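Trainee: Got coords.cif for you, mmCIF, C-alpha atoms:
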data_data
loop_
_atom_site.label_atom_id
_atom_site.label_comp_id
_atom_site.auth_asym_id
_atom_site.auth_seq_id
_atom_site.Cartn_x
_atom_site.Cartn_y
_atom_site.Cartn_z
CA MET J 1 -32.49 -194.16 164.97
CA GLU J 2 -30.17 -191.48 163.66
CA PRO J 3 -31.56 -187.89 163.78
CA ASP J 4 -31.15 -187.29 160.02
CA ARG J 5 -32.93 -190.50 159.13
CA ARG J 6 -35.70 -189.81 161.62
CA ARG J 7 -36.25 -186.34 160.15
CA TRP J 8 -36.33 -187.74 156.60
CA LEU J 9 -38.90 -190.37 157.57
CA THR J 10 -41.02 -187.71 159.30
CA ASP J 11 -40.99 -185.50 156.21
CA ALA J 12 -41.77 -188.48 153.94
CA LEU J 13 -44.73 -189.43 156.13
CA ALA J 14 -46.01 -185.84 156.11
CA ALA J 15 -45.69 -185.68 152.31
CA ILE J 16 -47.61 -188.95 151.88
CA ILE J 17 -50.40 -187.87 154.25
CA VAL J 18 -50.83 -184.43 152.64
CA ALA J 19 -50.69 -185.82 149.10
CA GLY J 20 -53.22 -188.52 149.97
CA ALA J 21 -55.58 -186.00 151.60
CA LEU J 22 -55.39 -183.65 148.59
CA CYS J 23 -56.00 -186.48 146.13
CA LEU J 24 -59.01 -187.59 148.16
CA ARG J 25 -60.27 -183.99 148.15
CA VAL J 26 -59.89 -183.81 144.34
CA ALA J 27 -61.64 -187.15 143.87
CA THR J 28 -64.67 -185.97 145.86
CA PRO J 29 -67.12 -184.13 143.53
CA TRP J 30 -67.99 -180.66 144.84
CA GLU J 31 -69.05 -178.84 141.71
CA ALA J 32 -71.35 -180.48 139.17
CA ALA J 33 -70.27 -178.14 136.38
CA ALA J 34 -66.57 -178.74 136.84
CA PRO J 35 -64.83 -181.30 134.64
CA PRO J 36 -63.92 -184.56 136.33
CA PRO J 37 -60.34 -184.76 137.66
CA ASP J 38 -57.81 -186.50 135.47
CA LEU J 39 -54.29 -187.77 135.97
CA ARG J 40 -52.89 -184.26 135.70
CA ALA J 41 -55.08 -182.99 138.57
CA PHE J 42 -53.91 -185.80 140.83
CA ALA J 43 -50.30 -185.22 139.73
CA LEU J 44 -50.54 -181.58 140.83
CA MET J 45 -51.82 -182.60 144.28
CA ILE J 46 -49.14 -185.26 144.64
CA LEU J 47 -46.50 -182.68 143.68
CA MET J 48 -47.85 -180.27 146.30
CA GLY J 49 -47.48 -182.97 148.94
CA ALA J 50 -44.04 -183.99 147.69
CA LEU J 51 -42.78 -180.45 148.26
CA LEU J 52 -42.81 -181.19 152.00
CA LEU J 53 -39.79 -183.43 151.51
CA VAL J 54 -37.65 -180.26 151.31
CA ARG J 55 -39.69 -178.17 153.75
CA ARG J 56 -36.86 -177.81 156.29
CA ARG J 57 -34.32 -176.50 153.81
CA TYR J 58 -36.61 -174.31 151.67
CA PRO J 59 -39.68 -173.31 153.74
CA LEU J 60 -40.40 -170.16 151.73
CA GLY J 61 -39.80 -171.95 148.43
CA VAL J 62 -42.21 -174.71 149.41
CA LEU J 63 -44.88 -172.11 150.24
CA LEU J 64 -44.50 -170.20 146.97
CA ALA J 65 -44.42 -173.40 144.93
CA SER J 66 -47.56 -174.67 146.69
CA VAL J 67 -49.40 -171.43 145.88
CA ALA J 68 -48.23 -171.68 142.25
CA ILE J 69 -49.46 -175.28 141.97
CA LEU J 70 -52.83 -174.30 143.45
CA LEU J 71 -53.17 -171.45 140.93
CA SER J 72 -52.24 -173.82 138.10
CA TYR J 73 -54.85 -176.29 139.31
CA TYR J 74 -57.60 -173.68 139.18
CA ALA J 75 -56.31 -172.23 135.88
CA LEU J 76 -56.86 -175.64 134.30
CA GLY J 77 -60.52 -175.46 135.32
CA TYR J 78 -60.66 -178.28 137.85
CA GLY J 79 -63.25 -178.38 140.61
CA ALA J 80 -62.87 -176.41 143.83
CA VAL J 81 -60.69 -177.89 146.56
CA GLY J 82 -60.65 -174.79 148.77
CA ALA J 83 -58.43 -171.75 148.80
CA VAL J 84 -56.44 -172.05 152.05
CA TRP J 85 -56.81 -175.72 152.93
CA PRO J 86 -54.48 -177.11 150.22
CA VAL J 87 -51.63 -174.76 151.21
CA ALA J 88 -52.24 -174.93 154.98
CA PRO J 89 -49.31 -177.35 155.54
CA ALA J 90 -46.98 -175.00 153.62
CA LEU J 91 -48.27 -171.99 155.61
CA PHE J 92 -47.67 -173.80 158.90
CA ASN J 93 -44.20 -174.90 157.79
CA ALA J 94 -43.22 -171.38 156.70
CA ALA J 95 -44.27 -169.92 160.06
CA LEU J 96 -42.50 -172.78 161.82
CA TYR J 97 -39.19 -171.79 160.24
CA GLY J 98 -39.50 -168.06 160.85
CA GLU J 99 -41.22 -166.93 157.63
CA VAL J 100 -44.26 -165.58 159.48
CA THR J 101 -44.50 -162.40 157.41
CA ALA J 102 -44.31 -164.27 154.12
CA ALA J 103 -46.90 -166.77 155.31
CA SER J 104 -49.25 -163.98 156.42
CA ILE J 105 -48.89 -162.14 153.08
CA SER J 106 -49.48 -165.35 151.12
CA ALA J 107 -52.53 -166.28 153.16
CA GLY J 108 -53.92 -162.75 152.82
CA ALA J 109 -53.40 -162.80 149.05
CA ILE J 110 -55.12 -166.18 148.77
CA VAL J 111 -58.12 -165.07 150.83
CA LEU J 112 -58.44 -161.78 148.90
CA GLY J 113 -58.13 -163.56 145.56
CA SER J 114 -60.70 -166.17 146.54
CA THR J 115 -63.09 -163.49 147.77
CA ALA J 116 -62.67 -161.41 144.60
CA TRP J 117 -63.31 -164.46 142.43
CA ARG J 118 -66.54 -165.26 144.24
CA VAL J 119 -67.74 -161.66 144.16
CA PHE J 120 -66.96 -160.91 140.53
CA PHE J 121 -67.15 -164.28 138.80
CA GLU J 122 -69.81 -166.04 140.86
CA PRO J 123 -72.38 -163.30 141.50
CA GLU J 124 -75.19 -165.82 141.69
CA GLY J 125 -73.67 -167.39 144.78
CA ASN J 126 -75.27 -167.19 148.21
CA THR J 127 -73.96 -164.10 150.01
CA LEU J 128 -74.11 -165.69 153.45
CA ALA J 129 -72.28 -168.77 152.15
CA VAL J 130 -69.57 -166.57 150.64
CA ILE J 131 -69.14 -164.65 153.91
CA SER J 132 -69.03 -167.91 155.85
CA ASP J 133 -66.40 -169.38 153.51
CA VAL J 134 -64.27 -166.22 153.69
CA LEU J 135 -64.43 -166.12 157.49
CA THR J 136 -63.53 -169.80 157.62
CA GLU J 137 -60.51 -169.24 155.38
CA VAL J 138 -59.41 -166.27 157.51
CA PHE J 139 -59.79 -168.35 160.68
CA VAL J 140 -57.90 -171.28 159.20
CA SER J 141 -55.10 -169.01 157.95
CA ILE J 142 -54.69 -167.29 161.34
CA THR J 143 -54.85 -170.59 163.23
CA VAL J 144 -52.30 -172.32 161.02
CA ILE J 145 -49.82 -169.43 161.01
CA LEU J 146 -50.15 -168.80 164.77
CA SER J 147 -49.68 -172.51 165.45
CA GLY J 148 -46.45 -172.55 163.46
CA ALA J 149 -45.23 -169.38 165.19
CA MET J 150 -46.05 -170.82 168.63
CA VAL J 151 -44.15 -174.02 167.90
CA LEU J 152 -41.23 -171.92 166.67
CA ASN J 153 -41.22 -169.81 169.85
CA HIS J 154 -41.43 -172.96 171.95
CA ARG J 155 -38.42 -174.42 170.17
CA ARG J 156 -36.47 -171.20 170.60
CA LEU J 157 -37.34 -171.06 174.28
CA GLN J 158 -36.35 -174.69 174.69
CA ALA J 159 -33.08 -174.06 172.87
CA GLU J 160 -32.43 -171.03 175.08
CA VAL J 161 -33.11 -173.07 178.21
CA GLU J 162 -30.78 -175.83 177.01
CA ALA J 163 -28.10 -173.27 176.16
CA ARG J 164 -28.49 -171.70 179.60
CA GLU J 165 -28.26 -175.12 181.26
CA LYS J 166 -25.11 -175.89 179.28
CA ALA J 167 -23.64 -172.53 180.28
CA ILE J 168 -24.49 -173.19 183.93
CA ALA J 169 -22.97 -176.68 183.70
CA ALA J 170 -19.85 -175.25 182.05
CA GLU J 171 -19.60 -172.58 184.74
CA ARG J 172 -20.09 -175.22 187.43
CA ASP J 173 -17.29 -177.31 185.90
CA ALA J 174 -15.04 -174.25 185.72
CA VAL J 175 -15.72 -173.44 189.38
CA ALA J 176 -15.02 -177.07 190.30
CA ARG J 177 -11.72 -176.95 188.42
CA ILE J 178 -10.79 -173.70 190.15
CA ARG J 179 -11.64 -175.18 193.54
CA LEU J 180 -9.61 -178.29 192.73
CA THR J 181 -6.66 -176.12 191.71
CA GLU J 182 -6.99 -174.09 194.91
CA GLN J 183 -7.18 -177.28 196.96
CA ARG J 184 -4.05 -178.65 195.31
CA LEU J 185 -2.24 -175.35 195.84
CA HIS J 186 -3.32 -175.32 199.49
CA ILE J 187 -2.09 -178.88 199.98
CA ALA J 188 1.19 -178.05 198.24
CA ARG J 189 1.69 -175.10 200.59
CA GLU J 190 0.85 -177.22 203.63
CA ILE J 191 3.28 -179.93 202.55
CA HIS J 192 6.00 -177.33 201.94
CA ASP J 193 5.44 -175.81 205.39
CA ILE J 194 5.40 -179.19 207.13
CA VAL J 195 8.51 -180.47 205.38
CA ALA J 196 10.47 -177.22 205.79
CA HIS J 197 9.57 -176.89 209.46
CA SER J 198 10.28 -180.54 210.26
CA LEU J 199 13.59 -180.70 208.40
CA ALA J 200 14.76 -177.49 210.07
CA ALA J 201 13.93 -178.88 213.49
CA ILE J 202 15.58 -182.21 212.72
CA GLY J 203 18.68 -180.40 211.46
CA VAL J 204 18.99 -178.38 214.67
CA GLN J 205 18.58 -181.44 216.88
CA ALA J 206 21.05 -183.40 214.78
CA ARG J 207 23.66 -180.64 215.24
CA VAL J 208 23.01 -180.61 218.99
CA ALA J 209 23.43 -184.37 219.12
CA GLU J 210 26.63 -184.19 217.10
CA GLU J 211 28.14 -181.56 219.42
CA ALA J 212 27.16 -183.50 222.55
CA LEU J 213 28.11 -186.93 221.22
CA ASP J 214 31.43 -187.15 223.09
CA SER J 215 30.50 -185.24 226.22
CA ASP J 216 26.82 -185.53 227.13
CA THR J 217 25.02 -188.78 226.40
CA THR J 218 21.84 -187.50 228.03
CA GLU J 219 21.69 -184.52 225.64
CA VAL J 220 22.26 -186.85 222.68
CA LYS J 221 19.37 -189.06 223.76
CA ARG J 222 17.12 -186.03 224.23
CA SER J 223 18.00 -184.72 220.76
CA LEU J 224 17.36 -188.13 219.19
CA ARG J 225 13.99 -188.35 220.95
CA ASN J 226 13.12 -184.89 219.61
CA ILE J 227 14.10 -186.01 216.12
CA ILE J 228 11.91 -189.10 216.43
CA THR J 229 9.00 -187.04 217.73
CA THR J 230 9.38 -184.40 215.03
CA THR J 231 9.59 -187.05 212.32
CA SER J 232 6.50 -188.84 213.64
CA ASP J 233 4.55 -185.59 213.85
CA ALA J 234 5.58 -184.63 210.30
CA ILE J 235 4.54 -188.01 208.90
CA SER J 236 1.21 -187.77 210.72
CA GLN J 237 0.57 -184.26 209.40
CA LEU J 238 1.52 -185.26 205.86
CA ARG J 239 -0.78 -188.27 206.07
CA GLU J 240 -3.69 -186.10 207.23
CA THR J 241 -3.00 -183.45 204.58
CA VAL J 242 -2.76 -185.85 201.65
CA GLY J 243 -5.53 -188.03 203.05
CA GLY J 244 -7.89 -185.07 202.75
CA LEU J 245 -7.90 -185.66 198.98
CA ARG J 246 -9.65 -189.00 199.53
CA SER J 247 -11.66 -188.67 202.71
CA GLY J 248 -12.45 -184.95 202.64
CA PRO J 249 -11.22 -182.13 204.84
CA THR J 250 -9.40 -183.07 208.06
CA ARG J 251 -9.10 -181.09 211.24
CA PRO J 252 -6.12 -178.73 210.85
CA PRO J 253 -3.47 -178.44 213.58
CA THR J 254 -3.91 -175.73 216.18
CA ILE J 255 -1.52 -172.86 216.77
CA GLU J 256 -0.79 -174.32 220.21
CA SER J 257 0.30 -177.65 218.70
CA LEU J 258 2.54 -175.91 216.18
CA VAL J 259 4.22 -173.88 218.91
CA ALA J 260 4.63 -176.90 221.18
CA ALA J 261 6.32 -178.89 218.39
CA ILE J 262 9.21 -176.42 218.05
CA PRO J 263 12.34 -178.15 219.40
CA GLY J 264 15.12 -176.32 221.20
CA VAL J 265 13.24 -172.99 221.41
CA GLU J 266 10.95 -171.87 224.19
CA VAL J 267 7.98 -170.06 222.67
CA ASP J 268 5.59 -167.74 224.50
CA LEU J 269 2.17 -167.65 222.85
CA GLU J 270 -0.15 -164.68 223.35
CA VAL J 271 -3.64 -164.65 221.82
CA GLU J 272 -6.05 -161.72 222.07
CA GLY J 273 -9.59 -161.44 220.73
CA GLU J 274 -12.03 -163.96 219.27
CA PRO J 275 -10.35 -166.42 216.86
CA THR J 276 -11.86 -167.27 213.49
CA PRO J 277 -12.98 -170.87 212.70
CA ALA J 278 -10.07 -173.32 212.55
CA ASP J 279 -10.86 -174.35 208.96
CA SER J 280 -11.10 -170.79 207.62
CA GLU J 281 -8.66 -169.28 205.13
CA VAL J 282 -7.57 -166.73 207.73
CA GLU J 283 -6.56 -169.42 210.22
CA SER J 284 -4.79 -171.34 207.46
CA VAL J 285 -2.69 -168.27 206.64
CA ILE J 286 -1.99 -167.63 210.34
CA ARG J 287 -0.72 -171.21 210.78
CA ALA J 288 1.47 -170.86 207.69
CA VAL J 289 2.95 -167.57 208.96
CA VAL J 290 3.65 -168.91 212.46
CA ARG J 291 5.11 -172.17 211.17
CA GLU J 292 7.43 -170.48 208.67
CA ALA J 293 8.49 -167.77 211.14
CA LEU J 294 9.33 -170.28 213.89
CA THR J 295 11.17 -172.46 211.36
CA ASN J 296 13.35 -169.46 210.51
CA VAL J 297 13.94 -168.85 214.24
CA VAL J 298 15.17 -172.42 214.65
CA ARG J 299 17.30 -172.39 211.50
CA HIS J 300 18.82 -168.92 211.47
CA SER J 301 18.46 -166.94 214.70
CA GLY J 302 20.33 -169.12 217.21
CA ALA J 303 17.81 -167.93 219.83
CA ASP J 304 16.50 -170.16 222.59
CA HIS J 305 13.40 -168.04 223.17
CA ALA J 306 10.74 -166.54 220.89
CA ARG J 307 7.41 -164.78 221.25
CA VAL J 308 4.29 -165.30 219.14
CA ALA J 309 1.51 -162.73 219.54
CA ILE J 310 -1.80 -163.05 217.67
CA ALA J 311 -4.33 -160.22 217.98
CA TYR J 312 -7.80 -160.78 216.49
CA GLU J 313 -9.16 -157.33 215.71
CA PRO J 314 -12.59 -156.52 214.17
CA SER J 315 -11.32 -156.11 210.60
CA SER J 316 -7.95 -157.87 210.63
CA VAL J 317 -5.61 -160.24 212.45
CA ARG J 318 -2.12 -159.12 213.45
CA VAL J 319 0.56 -161.79 213.89
CA VAL J 320 3.94 -160.93 215.44
CA VAL J 321 6.81 -163.42 215.80
CA ALA J 322 9.93 -162.04 217.49
CA ASP J 323 13.15 -163.49 218.86
CA ARG J 324 16.34 -162.30 220.56
CA GLY J 325 18.73 -164.10 218.29
CA LYS J 326 21.50 -162.87 215.99
CA GLY J 327 19.32 -160.49 213.98
CA GLY J 328 21.24 -158.22 211.64
CA HIS J 329 21.12 -158.44 207.86
CA PHE J 330 18.85 -161.10 206.38
CA THR J 331 18.10 -162.42 202.90
CA GLU J 332 14.51 -163.11 201.88
CA GLY J 333 14.63 -166.71 200.68
CA HIS J 334 11.96 -169.01 199.29
CA GLY J 335 10.20 -169.40 202.63
CA LEU J 336 9.68 -165.69 203.28
CA ALA J 337 8.89 -165.05 199.61
CA GLY J 338 6.25 -167.79 199.67
CA MET J 339 4.81 -166.36 202.89
CA ARG J 340 4.60 -162.89 201.34
CA GLU J 341 2.84 -164.28 198.24
CA ARG J 342 0.35 -166.15 200.39
CA LEU J 343 -0.42 -163.05 202.41
CA GLN J 344 -0.84 -160.98 199.26
CA SER J 345 -3.29 -163.57 197.87
CA VAL J 346 -5.70 -162.73 200.73
CA GLY J 347 -4.94 -159.00 200.79
CA GLY J 348 -2.49 -159.19 203.70
CA GLU J 349 0.82 -157.45 204.34
CA LEU J 350 4.19 -158.56 205.69
CA VAL J 351 6.75 -156.40 207.53
CA LEU J 352 10.23 -157.73 208.38
CA GLY J 353 12.88 -156.07 210.47
CA PRO J 354 15.09 -156.03 213.57
CA ASN J 355 13.71 -156.62 217.04
CA GLY J 356 15.40 -153.96 219.13
CA GLU J 357 19.20 -154.06 219.35
CA SER J 358 19.32 -157.78 218.60
CA GLY J 359 16.93 -160.28 217.22
CA PHE J 360 14.44 -160.36 214.41
CA LYS J 361 10.73 -159.54 214.18
CA LEU J 362 8.12 -160.56 211.66
CA GLU J 363 4.74 -158.81 211.60
CA ALA J 364 1.85 -159.91 209.35
CA THR J 365 -1.56 -158.29 208.93
CA ILE J 366 -4.38 -160.45 207.56
CA PRO J 367 -7.84 -159.05 206.67
CA ARG J 368 -10.79 -160.84 208.29
#
Would you encode the structure as structure tokens?

Mentor:
Amino acid sequence: MEPDRRRWLTDALAAIIVAGALCLRVATPWEAAAPPPDLRAFALMILMGALLLVRRRYPLGVLLASVAILLSYYALGYGAVGAVWPVAPALFNAALYGEVTAASISAGAIVLGSTAWRVFFEPEGNTLAVISDVLTEVFVSITVILSGAMVLNHRRLQAEVEAREKAIAAERDAVARIRLTEQRLHIAREIHDIVAHSLAAIGVQARVAEEALDSDTTEVKRSLRNIITTTSDAISQLRETVGGLRSGPTRPPTIESLVAAIPGVEVDLEVEGEPTPADSEVESVIRAVVREALTNVVRHSGADHARVAIAYEPSSVRVVVADRGKGGHFTEGHGLAGMRERLQSVGGELVLGPNGESGFKLEATIPR
């Protein structure tokens, strides 16, 4: 059932029940001296119940109109139906929709008016009965208004909880999107590093094979085997990297395996201190730095020997990659620029420069 229709049916049912109860109250004789109820008396009670059809939109208007109808009923001289009871649904509804002050003032005015009428216009009445009736009306008024206010507070609390849950869900979705973006960026970087490193190594081996093609068949075969090995390793690494999107994180390559895969260059690896976990962001940055630096050694330096030194210090990790190649002037291309950006993203620094009289040295500092 649609919410609007359900609310309308609820209000219609409440109006019918209240109107029926008021008509039954009017039809029950309570005062022998009062004139018997006629069609007009019942019409007033039905109208008071019918006001509940618009109780959600005009809670204060329904309360004031109910009080006015009750006063009109008594002004016409009909028998007593109570002071607070007929307007109790309107009092509850007003408090339910935030009109607690107006409901309290209306109830107070009704009780005071009823008390004054009994004191000044019915002096022959039983004093204890009057006190009992007044206390009952006060109790009913307080109970009805507090009940409406409690339901209102409960709804507000429930709405606040739902809003908080939606905010938490939205924040969780935002965090998930950020993590997904970071994962994609990480994979993109890994793919770039793998492809750049592998193509550089394949290019070097292809040039060696081309130069030795007419003079040294053994060297050609060795270069071709290196190309095959490098290609196979690159495909395997790409498969593991992309496969992590489906099967979850895979075990990343070690620094030793990266160094061992460099063709045509002998690399000395020196590691000091206690390494961080292999799947940490620090180790990921270290692998990226070493891979890119050794790729540049293979592509640009012309050196046959390089040194990689990794020092794990208490607050940072220092990575040095040096060679004895051509050195001299260099241009910071996409690879070095990407490495610098990656280091800056984790608060690291990159220093580039000559290595003695010849060669090139790269030094990176990564916070732990």

Trainee: Could you check how far CA of Asp11 in chain J sits from CA of Gly49 in chain J, in Å to one decimal?

Mentor: 10.1 Å

Trainee: For CA of Arg287 in chain J and CA of Ile178 in chain J, quote the distance in Å rounded to one decimal.

Mentor: 23.1 Å

Trainee: Can you tell me, as a PDB file with C-alpha atoms, in the frame of the given file, what residues are no more than 10 Å from Asn93 in chain J when counting all atoms listed in the file, ignoring any on the same chain fewer than 6 positions away?

Mentor:
ATOM      1  CA  LEU J  52     -42.810-181.190 152.000  1.00  0.00           C
ATOM      2  CA  ARG J  55     -39.690-178.170 153.750  1.00  0.00           C
ATOM      3  CA  ARG J  56     -36.860-177.810 156.290  1.00  0.00           C
ATOM      4  CA  TYR J  58     -36.610-174.310 151.670  1.00  0.00           C
ATOM      5  CA  PRO J  59     -39.680-173.310 153.740  1.00  0.00           C
ATOM      6  CA  LEU J  60     -40.400-170.160 151.730  1.00  0.00           C
ATOM      7  CA  VAL J  62     -42.210-174.710 149.410  1.00  0.00           C
ATOM      8  CA  LEU J  63     -44.880-172.110 150.240  1.00  0.00           C
ATOM      9  CA  VAL J  87     -51.630-174.760 151.210  1.00  0.00           C
ATOM     10  CA  GLU J  99     -41.220-166.930 157.630  1.00  0.00           C
ATOM     11  CA  VAL J 100     -44.260-165.580 159.480  1.00  0.00           C
ATOM     12  CA  ALA J 103     -46.900-166.770 155.310  1.00  0.00           C
ATOM     13  CA  VAL J 144     -52.300-172.320 161.020  1.00  0.00           C
ATOM     14  CA  ILE J 145     -49.820-169.430 161.010  1.00  0.00           C
ATOM     15  CA  SER J 147     -49.680-172.510 165.450  1.00  0.00           C
ATOM     16  CA  GLY J 148     -46.450-172.550 163.460  1.00  0.00           C
ATOM     17  CA  ALA J 149     -45.230-169.380 165.190  1.00  0.00           C
ATOM     18  CA  LEU J 152     -41.230-171.920 166.670  1.00  0.00           C
TER      19      LEU J 152
END

Trainee: Exactly which residues make up the result of the PyMOL selection byres ((chain J and resi 79-84) around 8) on this file, given as a VMD selection string?

Mentor: chain J and resid 25 to 26 29 to 31 34 to 37 74 77 to 78 85 to 88 107 110 to 111 114 137 140 to 141

Trainee: Go through J:Met150, J:Lys166, J:Ala109, J:Ala293 one by one, measure the shortest atom-to-atom distance of each to Val138 in chain J using all atoms listed in the file, and give the residue with the smallest value.

Mentor: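 Ranked by minimum distance to Val138 in chain J, first place goes to J:Ala109.
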
Trainee: When you look at range 260-273 of chain J with a cut-off of 10 Å (counting only C-alpha atoms), what residues show up, excluding the ones that are within fewer than 5 positions of it in the same chain? I need them as a PyMOL selection string.

Mentor: chain J and resi 197-198+200-202+204-205+208+223+226-227+229-230+233-234+254-255+291+294-295+297-298+302-314+317-323
